[in-house]
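Structure file run20.txt (compact mmCIF, C-alpha atoms and all ligand atoms) is printed below.
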# COMPACT_ATOMS: atom_id res chain seq x y z
CA MET A 528 -124.07 74.13 -72.74
CA GLU A 529 -127.13 72.55 -71.04
CA LEU A 530 -127.07 74.36 -67.72
CA ALA A 531 -130.29 72.90 -66.34
CA PRO A 532 -129.98 69.12 -66.53
CA ARG A 533 -132.85 66.82 -65.65
CA LEU A 534 -131.45 63.33 -65.72
CA HIS A 535 -133.66 60.32 -65.09
CA THR A 536 -132.42 56.95 -63.92
CA ALA A 537 -134.50 53.92 -62.90
CA ARG A 538 -134.88 55.22 -59.33
CA THR A 539 -133.89 58.89 -59.40
CA CYS A 540 -134.49 62.30 -60.88
CA ILE A 541 -131.32 64.44 -60.90
CA ARG A 542 -131.45 68.21 -61.32
CA PHE A 543 -130.40 71.60 -59.97
CA ALA A 544 -132.32 72.88 -56.98
CA GLY A 545 -134.45 76.01 -57.01
CA GLU A 546 -135.57 78.19 -54.12
CA ALA A 547 -138.72 76.06 -53.74
CA ASP A 548 -136.49 73.09 -52.81
CA ALA A 549 -135.00 74.87 -49.78
CA PRO A 550 -137.41 73.32 -47.20
CA GLU A 551 -136.62 69.81 -48.49
CA LEU A 552 -132.89 70.56 -48.40
CA LEU A 553 -133.25 71.72 -44.79
CA ARG A 554 -135.16 68.54 -43.87
CA TYR A 555 -132.37 66.47 -45.50
CA ARG A 556 -129.60 68.35 -43.67
CA VAL A 557 -131.31 68.07 -40.28
CA ALA A 558 -132.28 64.40 -40.71
CA ASN A 559 -128.72 63.44 -41.72
CA ARG A 560 -126.75 65.73 -39.44
CA ALA A 561 -125.09 62.97 -37.43
CA HIS A 562 -124.67 60.77 -40.51
CA PHE A 563 -122.65 63.39 -42.43
CA ALA A 564 -120.74 64.89 -39.48
CA PRO A 565 -117.70 62.50 -39.63
CA TRP A 566 -117.17 63.22 -43.36
CA GLU A 567 -117.69 66.96 -43.65
CA PRO A 568 -116.23 70.22 -42.35
CA LEU A 569 -117.63 71.43 -39.03
CA ARG A 570 -121.04 73.06 -39.54
CA ASP A 571 -122.28 75.85 -37.32
CA GLU A 572 -125.94 76.16 -36.36
CA SER A 573 -126.69 78.58 -39.21
CA TYR A 574 -126.11 75.70 -41.66
CA PHE A 575 -129.31 74.11 -40.34
CA THR A 576 -131.58 77.04 -41.19
CA LEU A 577 -133.89 77.70 -44.13
CA GLU A 578 -132.06 80.94 -44.85
CA HIS A 579 -128.77 79.09 -45.32
CA CYS A 580 -130.41 76.54 -47.64
CA VAL A 581 -131.94 79.31 -49.79
CA GLN A 582 -128.56 81.02 -50.02
CA ALA A 583 -126.67 77.80 -50.79
CA ILE A 584 -129.07 76.98 -53.63
CA ALA A 585 -128.73 80.48 -55.11
CA GLU A 586 -124.93 80.41 -54.84
CA GLY A 587 -124.85 76.98 -56.46
CA ARG A 588 -126.87 78.15 -59.43
CA GLU A 589 -124.55 81.13 -59.83
CA ARG A 590 -121.48 78.85 -59.81
CA ALA A 591 -123.09 76.78 -62.56
CA ARG A 592 -123.89 79.90 -64.59
CA LEU A 593 -120.21 80.84 -64.38
CA ASP A 594 -119.09 77.25 -65.24
CA ARG A 595 -117.25 77.01 -61.90
CA GLY A 596 -119.18 74.17 -60.28
CA TYR A 597 -122.35 72.12 -60.62
CA PRO A 598 -124.24 71.16 -57.43
CA LEU A 599 -126.71 68.42 -58.36
CA PHE A 600 -129.62 67.12 -56.32
CA VAL A 601 -130.78 63.53 -56.49
CA PHE A 602 -134.52 63.16 -55.82
CA ASP A 603 -136.64 60.04 -55.88
CA ARG A 604 -138.38 59.15 -59.15
CA GLY A 605 -141.38 61.23 -58.11
CA ASP A 606 -139.10 64.29 -57.72
CA ARG A 607 -140.18 64.81 -54.09
CA GLU A 608 -137.76 63.31 -51.56
CA LEU A 609 -134.13 64.43 -51.64
CA LEU A 610 -132.05 61.24 -51.47
CA ALA A 611 -128.53 62.51 -52.16
CA THR A 612 -126.45 65.33 -53.56
CA PHE A 613 -123.28 65.46 -55.58
CA HIS A 614 -121.12 68.40 -56.56
CA LEU A 615 -118.83 68.83 -59.53
CA ALA A 616 -116.64 71.46 -57.90
CA ASN A 617 -113.59 73.51 -58.86
CA VAL A 618 -114.13 73.29 -62.62
CA VAL A 619 -110.94 74.19 -64.47
CA ARG A 620 -111.03 74.60 -68.25
CA GLY A 621 -108.05 75.31 -70.53
CA ALA A 622 -105.61 72.44 -70.88
CA PHE A 623 -106.90 70.68 -67.72
CA GLN A 624 -110.70 70.29 -68.31
CA ALA A 625 -111.16 68.82 -64.83
CA CYS A 626 -113.23 69.04 -61.65
CA HIS A 627 -113.51 67.53 -58.18
CA LEU A 628 -116.45 65.32 -57.28
CA GLY A 629 -118.02 65.33 -53.81
CA TYR A 630 -121.12 63.39 -52.77
CA GLY A 631 -123.27 62.19 -49.94
CA MET A 632 -126.53 60.38 -49.54
CA ALA A 633 -129.25 60.14 -46.91
CA GLU A 634 -128.51 57.50 -44.30
CA ARG A 635 -131.82 55.74 -44.96
CA ALA A 636 -131.13 55.52 -48.73
CA GLN A 637 -127.70 53.84 -48.41
CA GLY A 638 -127.00 50.25 -49.36
CA GLN A 639 -129.28 50.08 -52.40
CA GLY A 640 -126.92 51.16 -55.17
CA ILE A 641 -128.76 54.48 -55.62
CA MET A 642 -125.66 56.68 -55.30
CA HIS A 643 -123.89 54.53 -57.88
CA GLU A 644 -126.88 54.75 -60.22
CA ALA A 645 -127.07 58.54 -59.88
CA LEU A 646 -123.33 59.09 -60.27
CA GLN A 647 -123.14 56.93 -63.38
CA ALA A 648 -125.71 59.23 -65.00
CA GLY A 649 -123.97 62.31 -63.58
CA LEU A 650 -120.59 61.24 -64.91
CA ALA A 651 -121.99 60.58 -68.39
CA TRP A 652 -123.38 64.14 -68.31
CA THR A 653 -120.04 65.49 -67.05
CA PHE A 654 -117.96 63.83 -69.78
CA GLY A 655 -120.63 64.47 -72.43
CA VAL A 656 -122.52 67.74 -72.01
CA LEU A 657 -119.95 69.50 -69.79
CA ASP A 658 -117.19 68.09 -71.98
CA LEU A 659 -114.81 67.61 -69.05
CA HIS A 660 -111.89 65.21 -69.35
CA ARG A 661 -111.00 64.34 -65.75
CA VAL A 662 -113.06 63.95 -62.57
CA MET A 663 -111.13 63.70 -59.28
CA ALA A 664 -112.59 62.25 -56.08
CA ASN A 665 -110.79 61.91 -52.77
CA TYR A 666 -111.73 60.01 -49.60
CA MET A 667 -110.45 59.39 -46.10
CA PRO A 668 -108.78 55.94 -45.86
CA CYS A 669 -111.35 54.85 -43.25
CA ASN A 670 -114.30 55.63 -45.54
CA GLU A 671 -114.77 52.13 -46.92
CA ARG A 672 -118.21 52.76 -48.43
CA SER A 673 -116.87 55.68 -50.41
CA ALA A 674 -113.84 53.66 -51.55
CA ARG A 675 -116.05 50.81 -52.80
CA LEU A 676 -118.36 53.23 -54.62
CA LEU A 677 -115.46 54.89 -56.46
CA VAL A 678 -113.94 51.55 -57.52
CA ARG A 679 -117.33 50.45 -58.91
CA LEU A 680 -117.54 53.74 -60.84
CA GLY A 681 -114.16 53.15 -62.49
CA PHE A 682 -112.07 55.64 -60.48
CA GLU A 683 -108.40 54.74 -60.13
CA ARG A 684 -106.08 55.52 -57.25
CA GLU A 685 -103.53 58.20 -58.13
CA GLY A 686 -101.97 59.09 -54.81
CA TYR A 687 -102.17 59.79 -51.12
CA ALA A 688 -102.24 63.28 -49.64
CA LYS A 689 -101.34 63.87 -46.01
CA ARG A 690 -103.45 66.26 -43.91
CA TYR A 691 -105.39 67.13 -47.06
CA LEU A 692 -108.80 68.40 -45.90
CA GLN A 693 -110.13 69.70 -42.61
CA ILE A 694 -112.91 67.27 -41.79
CA ALA A 695 -114.91 67.34 -38.55
CA GLY A 696 -112.32 69.80 -37.22
CA ALA A 697 -109.14 67.79 -37.98
CA TRP A 698 -106.76 67.75 -40.93
CA GLU A 699 -107.29 64.31 -42.46
CA ASP A 700 -105.21 62.31 -44.94
CA HIS A 701 -107.03 61.42 -48.18
CA VAL A 702 -106.66 58.81 -50.91
CA LEU A 703 -106.67 60.61 -54.28
CA THR A 704 -108.51 58.99 -57.18
CA ALA A 705 -109.65 60.05 -60.63
CA ARG A 706 -111.63 58.88 -63.59
CA VAL A 707 -110.47 60.07 -67.00
CA ARG A 708 -112.82 60.17 -69.98
CA PRO A 709 -112.12 57.19 -72.23
CA GLU A 710 -110.48 57.97 -75.56
CA GLU A 711 -112.82 58.11 -78.55
CA PRO A 712 -112.53 54.91 -80.61
C1 LIG B 801 -120.43 57.15 -49.52
C2 LIG B 801 -121.91 56.85 -49.73
C3 LIG B 801 -122.51 57.82 -50.75
C4 LIG B 801 -122.05 55.41 -50.24
O1 LIG B 801 -123.41 55.05 -50.28
P1 LIG B 801 -123.83 53.55 -50.74
O2 LIG B 801 -125.27 53.42 -50.62
O3 LIG B 801 -122.96 52.57 -50.02
O4 LIG B 801 -123.37 53.55 -52.27
P2 LIG B 801 -123.93 52.76 -53.52
O5 LIG B 801 -125.03 53.50 -54.18
O6 LIG B 801 -122.75 52.41 -54.35
O7 LIG B 801 -124.55 51.44 -52.90
C5 LIG B 801 -123.72 50.31 -52.72
C6 LIG B 801 -124.32 49.41 -51.70
O8 LIG B 801 -125.65 49.08 -52.07
C7 LIG B 801 -125.76 47.63 -52.22
N1 LIG B 801 -126.76 47.40 -53.27
C8 LIG B 801 -128.03 46.95 -53.03
N2 LIG B 801 -128.72 46.93 -54.18
C9 LIG B 801 -127.88 47.35 -55.16
C10 LIG B 801 -128.03 47.52 -56.55
N3 LIG B 801 -129.19 47.30 -57.17
N4 LIG B 801 -126.99 47.99 -57.26
C11 LIG B 801 -125.80 48.24 -56.65
N5 LIG B 801 -125.60 48.11 -55.31
C12 LIG B 801 -126.64 47.65 -54.58
C13 LIG B 801 -124.36 47.16 -52.50
O9 LIG B 801 -124.19 45.82 -52.14
C14 LIG B 801 -123.56 48.09 -51.61
O10 LIG B 801 -123.64 47.71 -50.27
P3 LIG B 801 -122.29 47.32 -49.48
O11 LIG B 801 -121.34 48.50 -49.65
O12 LIG B 801 -122.77 47.13 -48.08
O13 LIG B 801 -121.78 46.12 -50.16
C15 LIG B 801 -122.70 56.98 -48.38
O14 LIG B 801 -122.21 56.00 -47.48
C16 LIG B 801 -122.60 58.35 -47.72
O15 LIG B 801 -123.29 59.29 -48.12
N6 LIG B 801 -121.73 58.47 -46.67
C17 LIG B 801 -121.61 59.70 -45.91
C18 LIG B 801 -120.99 60.84 -46.72
C19 LIG B 801 -119.70 60.44 -47.39
O16 LIG B 801 -118.97 59.60 -46.93
N7 LIG B 801 -119.44 61.08 -48.53
C20 LIG B 801 -118.26 60.81 -49.33
C21 LIG B 801 -117.05 61.49 -48.78
S1 LIG B 801 -115.61 61.03 -49.73
What would the structure in this file look like if it were written as structure tokens?
Ligand SMILES: CC(C)(COP(=O)(O)OP(=O)(O)OC[C@H]1O[C@@H](n2cnc3c(N)ncnc32)[C@H](O)[C@@H]1OP(=O)(O)O)[C@@H](O)C(=O)NCCC(=O)NCCS
Amino acid sequence: MELAPRLHTARTCIRFAGEADAPELLRYRVANRAHFAPWEPLRDESYFTLEHCVQAIAEGRERARLDRGYPLFVFDRGDRELLATFHLANVVRGAFQACHLGYGMAERAQGQGIMHEALQAGLAWTFGVLDLHRVMANYMPCNERSARLLVRLGFEREGYAKRYLQIAGAWEDHVLTARVRPEEP
């Protein structure tokens, strides 16, 4: 299995992060703190430190080594500015061959189709190299941008879960969607 992807799209370079990327990850977290706050669990102050970024990167690489999850970092074409991240989490093999997808992008990079471009490449890698069969993505009903993105990526609604995730300190309902790998012709 290719554990160190480097995917190129027209406007992005997608790869795992290394320890050298920790300062850029910290800049990204701090710059987008208010932007992400309504859509994420509560973060304490330690989340906004270099030490936490170094540790998160190391833990992410270990999850990938164990085939448990794949945290991917979307940089600009020049591989310098972190624009977005997405995470193929909770990988289950056996009869299920599935994972959850989470994502977020810098406030200033929204509205240009960059997340869609990156996730299309990421999903091709997920269904191809990782050989997964099902990717599940869930969003709060009020998150219209996320809903539109998932529809454009071919995700289909499968259900509605009440008080599903604790976001910004409250248990929030989520719309459940999934994209299943197309059958081979
Ligand atoms: C959810 C999120 C990733 C969506 O970002 P986004 O930039 O809207 O997503 P896309 O890459 O699909 O871009 C689509 C937008 O770019 C526009 N666009 C401009 N040029 C484009 C192009 N070349 N191709 C496609 N879309 C383009 C589209 O019109 C669309 O704008 P609209 O929604 O106002 O109509 C982002 O809002 C975010 O990070 N939010 C905070 C965290 C979050 O909600 N995470 C998900 C939790 S479930």
Grab me every residue within 6 Å of ligand LIG 801 (chain B), counting only C-alpha atoms and all ligand atoms, and send it over as a VMD selection string.
chain A and resid 563 566 630 to 632 637 to 643 665 to 666 672 to 673 676
- Item | Selected residue of minimal separation from Pro668 of chain A among A:Pro709, A:Gly686, A:Pro568, A:Pro532, counting all atoms listed in the file |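 Closest candidate: A:Gly686.
Counting all atoms listed in the file, Glu711 of chain A has the following residues at most 12 Å away, ignoring those fewer than 6 positions along the same chain: Phe654, Gly655 and His660 of chain A.
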Quote the spacing between atom CA of His701 of chain A and atom CA of Tyr687 of chain A in Å to one decimal place.
->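 The value is 5.9 Å.
Each of A:Asp594, A:Glu671, A:Glu586, A:Glu634 was checked against Gly545 of chain A using all atoms listed in the file; the smallest atom-to-atom distance is that of A:Glu586.
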My list of candidates is A:Glu710, A:Glu546, A:Glu551, A:Glu699. Which is closest to Glu608 of chain A when distances are computed with all atoms listed in the file?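 Closest residue, counting all atoms listed in the file: A:Glu551.
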Atom CA of Cys540 of chain A to atom CA of Phe602 of chain A, distance in Å rounded to a single decimal =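 Atom-to-atom, atom CA of Cys540 of chain A to atom CA of Phe602 of chain A, that is 5.1 Å.
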Can I get segment 544-568 of chain A with N, CA and C atoms filled in, as a compact mmCIF listing (two decimals), in the coordinates of the input?
# COMPACT_ATOMS: atom_id res chain seq x y z
N ALA A 544 -131.26 72.48 -57.90
CA ALA A 544 -132.32 72.88 -56.98
C ALA A 544 -132.72 74.32 -57.28
N GLY A 545 -133.96 74.64 -56.97
CA GLY A 545 -134.45 76.01 -57.01
C GLY A 545 -134.85 76.43 -55.61
N GLU A 546 -135.24 77.69 -55.46
CA GLU A 546 -135.57 78.19 -54.12
C GLU A 546 -136.68 77.36 -53.47
N ALA A 547 -137.60 76.84 -54.28
CA ALA A 547 -138.72 76.06 -53.74
C ALA A 547 -138.25 74.76 -53.09
N ASP A 548 -137.02 74.33 -53.39
CA ASP A 548 -136.49 73.09 -52.81
C ASP A 548 -135.83 73.33 -51.45
N ALA A 549 -135.73 74.57 -51.02
CA ALA A 549 -135.00 74.87 -49.78
C ALA A 549 -135.58 74.13 -48.56
N PRO A 550 -136.90 74.05 -48.38
CA PRO A 550 -137.41 73.32 -47.20
C PRO A 550 -137.02 71.84 -47.23
N GLU A 551 -137.01 71.22 -48.41
CA GLU A 551 -136.62 69.81 -48.49
C GLU A 551 -135.12 69.65 -48.23
N LEU A 552 -134.32 70.61 -48.70
CA LEU A 552 -132.89 70.56 -48.40
C LEU A 552 -132.65 70.69 -46.90
N LEU A 553 -133.40 71.57 -46.26
CA LEU A 553 -133.25 71.72 -44.79
C LEU A 553 -133.63 70.42 -44.08
N ARG A 554 -134.75 69.81 -44.49
CA ARG A 554 -135.16 68.54 -43.87
C ARG A 554 -134.04 67.51 -44.01
N TYR A 555 -133.45 67.43 -45.20
CA TYR A 555 -132.37 66.47 -45.50
C TYR A 555 -131.14 66.74 -44.61
N ARG A 556 -130.77 68.01 -44.50
CA ARG A 556 -129.60 68.35 -43.67
C ARG A 556 -129.84 67.98 -42.21
N VAL A 557 -131.01 68.32 -41.70
CA VAL A 557 -131.31 68.07 -40.28
C VAL A 557 -131.39 66.56 -40.02
N ALA A 558 -132.09 65.85 -40.91
CA ALA A 558 -132.28 64.40 -40.71
C ALA A 558 -130.96 63.64 -40.75
N ASN A 559 -129.98 64.17 -41.51
CA ASN A 559 -128.72 63.44 -41.72
C ASN A 559 -127.53 64.11 -41.05
N ARG A 560 -127.81 64.97 -40.10
CA ARG A 560 -126.75 65.73 -39.44
C ARG A 560 -125.67 64.82 -38.86
N ALA A 561 -126.07 63.86 -38.07
CA ALA A 561 -125.09 62.97 -37.43
C ALA A 561 -124.43 62.05 -38.46
N HIS A 562 -125.18 61.66 -39.46
CA HIS A 562 -124.67 60.77 -40.51
C HIS A 562 -123.52 61.42 -41.29
N PHE A 563 -123.67 62.71 -41.62
CA PHE A 563 -122.65 63.39 -42.43
C PHE A 563 -121.49 63.95 -41.60
N ALA A 564 -121.72 64.17 -40.31
CA ALA A 564 -120.74 64.89 -39.48
C ALA A 564 -119.31 64.33 -39.57
N PRO A 565 -119.11 62.98 -39.59
CA PRO A 565 -117.70 62.50 -39.63
C PRO A 565 -117.00 62.75 -40.95
N TRP A 566 -117.76 63.14 -42.01
CA TRP A 566 -117.17 63.22 -43.36
C TRP A 566 -117.16 64.62 -43.93
N GLU A 567 -117.56 65.60 -43.13
CA GLU A 567 -117.69 66.96 -43.65
C GLU A 567 -116.97 67.96 -42.73
N PRO A 568 -116.75 69.18 -43.24
CA PRO A 568 -116.23 70.22 -42.35
C PRO A 568 -117.21 70.47 -41.21
